[in-house]
Structures are given as structure tokens and as C-alpha cells.
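As C-alpha cells, the structure follows; a few thoughts come after it.
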Amino acid sequence: MEKLKLISATDLAKRTNFRSGEVKFGEKMLTVPKDVSAEHFIANCEAKYVLFGIPEDIGVRANHGRRGAHQTWDVALTAIANIQHNRFCKGSKILALGAIDTDAEMEAAENLDYKVSADRDALKLLVGKIDREVAHLVCTIIKAGKIPIIIGGGHNNAYGNIKGTALAKGKSVNAVNLDAHSDFRILEGRHSGNGFSYAYEDGFLKKYFVFGLHECYTSKAVLDLLKKTDDRVRFNTYDEIKVKRQKNFEQELFQALSFIKTDYFGVEIDLDSLPFVPSSAMTNSGFSIEEARQFVYHFGSHPNASYLHICEGAPELENTGNPQLLGKLIGYLLTDFIKASD
């Protein structure tokens, strides 16, 4: 795992706001000790969850999105380090591993313009490089009997998550995605809009449920594609649930789980499904934070839940001047996932 920047106990301590009478996650989360193989430590430590980040926004930019997703990991890690360690949720259940080293790819992408055809092709090739690193790390973690919690980057990284899980399990796996978009677009080179369609085409994704599509922002071509694959790919829309009230949120949670729970599955959260959360495709209409937390808890409670991925946040787009609000939201979702399986 050469392309991995490990977190040290010192790194966590610098991010932790120590306070008398309190114990924070930053004091209790495990880290890989010096001179110890990360792969060996993952396999032998007592932590059930392995937390790592993907600091990139190349896939988002290749999909005509706004920059910023590369910063989410740093903001989230600081917020997570300051969660209270108590009887409700314990930081000691988490190995804070580190982040995939995307420096070379981010540098190569710095001056590329998605509006230029050759540059767009170059961005997609860089996404492919990151795919391989994500898949390798996820596979390593799951083979060790742990559950990855993946923060940051664009939704292009769903491909690596699904591939890594499938390789570790030795078969194709399922996924559920809380998202305003399907990310099941045509196979035109890798970007944040086709992670699931590529995973499906390559045989790593068996069943896929998209939860909360926005009807006004899903193309006819994608809807036609979803209809063709109805036996393995299903969806509901935000409009059906919250606007037209044709479907019930809680019932849809059970319907989606019934569809994917027959095999191992990943839980994907695109932050652009939540209103006014700074993200690459920020919206002003969507599910509430509480509903997103219920979503994570509902799917995380099933024994086949194999990973959690929270992506597309862009803290530099935060208009409150307090990017830690995004980190705090991610902390809530992370702890909901952990509590669900305890």
C-alpha cells in the first residue's frame, strides 16, 4: 500500500480539542504504529472499522462539476477527532488509517479544463488510476474482516469501493445510494457520473438501488437505461416521496433493503442529495439531515452492510464561513453507521 498517507497518533492529537473531564475520538481511535506494516495492523487490530479518505475532485471535474471535494477528508477528520467517546459510540472501534495519496494525480489535473476534449480525456485517465488504488485498499480492508468507512472525493470512487468489495468477497455485490442523481450514465470514460454503470458493466455490481432521484435532473437516456435493467437496478424519486407523497419514506427504506440485502452491499451517500450542504452539485431541495441519518442507520443495521462511503462534499463552497459544519455532518453519519451495527 505505497499510495497511502498514514495518520499518526500525533496527527490526531493536533486535531483534537482536549478538555478536562472529556474523552474524544481523537484520543481513542487507533493508528498504525511506526515501523509496523499497515496491512498487518489492519488484519490484527481490534478495531471493527477502518476510516480513510480520498482527497480528490478529479472525477467531479471530469463530469463538469465544481472543485472542492478534495478538501472534505481534512475537514471531516478534524470533526471526527472531536466526537465524544462514550457509551453510545466509542472511538476505539475505529482505526484511523489515513488517506490515499492523490498528490501526483491532483497536480497532473491542476491545469486541465474539462471543456477541452483532450484535457477531459486526460482527467478520465487520472480517475482510472485512482480507481485502482481505491479498489486495492478496500479489498485489503474487507479481506481482513473489517468494514471500510470512506470519506471524500467524488462519486467516481463508488467504482473502486464496489470493485474492492467484490474482489474481497469473491463475487459481485450490491449497493444502495442516497443521491439526487443515479451516476449510472453512459460508459464514456471514467468520471463521477458513471461509477455505478461501470461497476455494473464490469461485473462487480449485481443489484443497485438509487434512493431519491430528482426527476428534473435525471435525463431521459438514463431513465431509459434504468428501465432496461429493472431486474437489477431500481430506484425511487425524491418527488414521489416528499412532493407528490405517492410513496412513504419509511416504507421505501424497507423496499430498498429488501432488494439489496440478499447479498453483501455498500452504503453510498452523495451529499448533494441534502439541501444547502456544500457539494459539487449543491441543491436547495432534498431530504433532511435527519432522514439521511435514518437512511444510514437503517442500512447500516443489516449484517450484509460492507462499507460506508460519504462523498461529493465541498467545504470551500460553505457559505456560512464555518466549513466544520460539513465535517460535523459527516461525523453524525459515521457514528450512525457504527451505532447501527452494534
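Letters A, B, ... mark the chains of the C-alpha cells in the order given; residue numbers begin at 1 per chain; ligand numbers begin at 1, in order shown.
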
Just list the residues in stretch 78-200 of chain A DSSP gives alpha helix (DSSP H) on the backbone, as a PyMOL selection string.
chain A and resi 78-81+103-109+117-143+158-169+195-200

Give the strand (DSSP E or B) residues of stretch 17-242 of chain A, as DSSP finds them on the backbone, and put them as an MDAnalysis selection string.
chainID A and resid 24 30 49:53 84 94:100 147:151 173:178 205:213 233:237

Do a neighbour search on stretch 120-125 of chain A at 7 Å with only C-alpha atoms, toss out local chain neighbours closer than 6 positions, and write the hits as an MDAnalysis selection string.
chainID A and resid 58 62 109 113:114 189:191

Keeping all heavy atoms, export the residues of the selection given above as an mmCIF file, in the first residue's frame.
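Below is the file result-v9.cif, written as the result:
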data_model
loop_
_atom_site.group_PDB
_atom_site.id
_atom_site.type_symbol
_atom_site.label_atom_id
_atom_site.label_comp_id
_atom_site.auth_asym_id
_atom_site.auth_seq_id
_atom_site.Cartn_x
_atom_site.Cartn_y
_atom_site.Cartn_z
ATOM 1 N N ILE A 58 -11.010 15.101 -9.043
ATOM 2 C CA ILE A 58 -10.761 14.926 -10.475
ATOM 3 C C ILE A 58 -11.977 14.337 -11.173
ATOM 4 O O ILE A 58 -12.365 14.760 -12.261
ATOM 5 C CB ILE A 58 -9.516 14.034 -10.697
ATOM 6 C CG1 ILE A 58 -8.290 14.668 -10.019
ATOM 7 C CG2 ILE A 58 -9.244 13.849 -12.180
ATOM 8 C CD1 ILE A 58 -7.084 13.771 -9.969
ATOM 9 N N ALA A 62 -14.114 15.997 -14.174
ATOM 10 C CA ALA A 62 -14.292 15.286 -15.447
ATOM 11 C C ALA A 62 -15.769 15.159 -15.809
ATOM 12 O O ALA A 62 -16.105 14.911 -16.969
ATOM 13 C CB ALA A 62 -13.649 13.905 -15.362
ATOM 14 N N ALA A 109 -3.748 17.152 -12.803
ATOM 15 C CA ALA A 109 -5.056 17.659 -13.220
ATOM 16 C C ALA A 109 -5.209 19.155 -13.027
ATOM 17 O O ALA A 109 -6.199 19.735 -13.516
ATOM 18 C CB ALA A 109 -6.154 16.943 -12.423
ATOM 19 N N ASP A 113 -8.686 21.482 -18.340
ATOM 20 C CA ASP A 113 -10.000 22.111 -18.485
ATOM 21 C C ASP A 113 -10.960 21.104 -19.113
ATOM 22 O O ASP A 113 -10.747 20.657 -20.249
ATOM 23 C CB ASP A 113 -9.869 23.349 -19.364
ATOM 24 C CG ASP A 113 -11.175 24.123 -19.504
ATOM 25 O OD1 ASP A 113 -12.222 23.632 -19.044
ATOM 26 O OD2 ASP A 113 -11.144 25.219 -20.107
ATOM 27 N N TYR A 114 -12.009 20.732 -18.405
ATOM 28 C CA TYR A 114 -12.936 19.722 -18.913
ATOM 29 C C TYR A 114 -13.617 20.156 -20.211
ATOM 30 O O TYR A 114 -14.136 19.325 -20.970
ATOM 31 C CB TYR A 114 -13.994 19.379 -17.857
ATOM 32 C CG TYR A 114 -15.066 20.419 -17.669
ATOM 33 C CD1 TYR A 114 -16.213 20.443 -18.465
ATOM 34 C CD2 TYR A 114 -14.948 21.397 -16.684
ATOM 35 C CE1 TYR A 114 -17.191 21.400 -18.301
ATOM 36 C CE2 TYR A 114 -15.921 22.368 -16.510
ATOM 37 C CZ TYR A 114 -17.043 22.355 -17.316
ATOM 38 O OH TYR A 114 -17.998 23.311 -17.147
ATOM 39 N N GLY A 189 -15.732 6.884 -20.543
ATOM 40 C CA GLY A 189 -14.524 7.216 -19.796
ATOM 41 C C GLY A 189 -14.915 7.585 -18.388
ATOM 42 O O GLY A 189 -15.986 8.169 -18.157
ATOM 43 N N ARG A 190 -14.078 7.285 -17.434
ATOM 44 C CA ARG A 190 -14.446 7.366 -16.041
ATOM 45 C C ARG A 190 -14.579 8.792 -15.517
ATOM 46 O O ARG A 190 -13.730 9.639 -15.760
ATOM 47 C CB ARG A 190 -13.405 6.603 -15.201
ATOM 48 C CG ARG A 190 -13.491 5.092 -15.412
ATOM 49 C CD ARG A 190 -14.697 4.491 -14.701
ATOM 50 N NE ARG A 190 -14.516 4.667 -13.258
ATOM 51 C CZ ARG A 190 -15.238 5.477 -12.518
ATOM 52 N NH1 ARG A 190 -16.225 6.178 -13.039
ATOM 53 N NH2 ARG A 190 -14.999 5.583 -11.224
ATOM 54 N N HIS A 191 -15.686 9.020 -14.801
ATOM 55 C CA HIS A 191 -15.897 10.279 -14.085
ATOM 56 C C HIS A 191 -16.919 10.032 -12.987
ATOM 57 O O HIS A 191 -17.350 8.883 -12.765
ATOM 58 C CB HIS A 191 -16.313 11.409 -15.033
ATOM 59 C CG HIS A 191 -17.535 11.131 -15.865
ATOM 60 N ND1 HIS A 191 -18.792 10.888 -15.323
ATOM 61 C CD2 HIS A 191 -17.706 11.046 -17.210
ATOM 62 C CE1 HIS A 191 -19.674 10.701 -16.270
ATOM 63 N NE2 HIS A 191 -19.044 10.782 -17.438
#

Output as a tab-separated table one row per residue of stretch 35-91 of chain A within 12 Å of stretch 174-184 of chain A: the closest atom pair and its distance in Å to one decimal place, counting only C-alpha atoms, sorted by chain and residue number ascending.
residue	atom	partner	partner_atom	distance
A:Gly59	CA	A:Asp183	CA	11.6
A:Val60	CA	A:Asp183	CA	11.3
A:Asn63	CA	A:Asp183	CA	10.2

Would you please work out which residue, of A:Lys242, A:Lys228, A:His302, A:His40, is nearest to A:Lys143 when using only C-alpha atoms?
A:His40
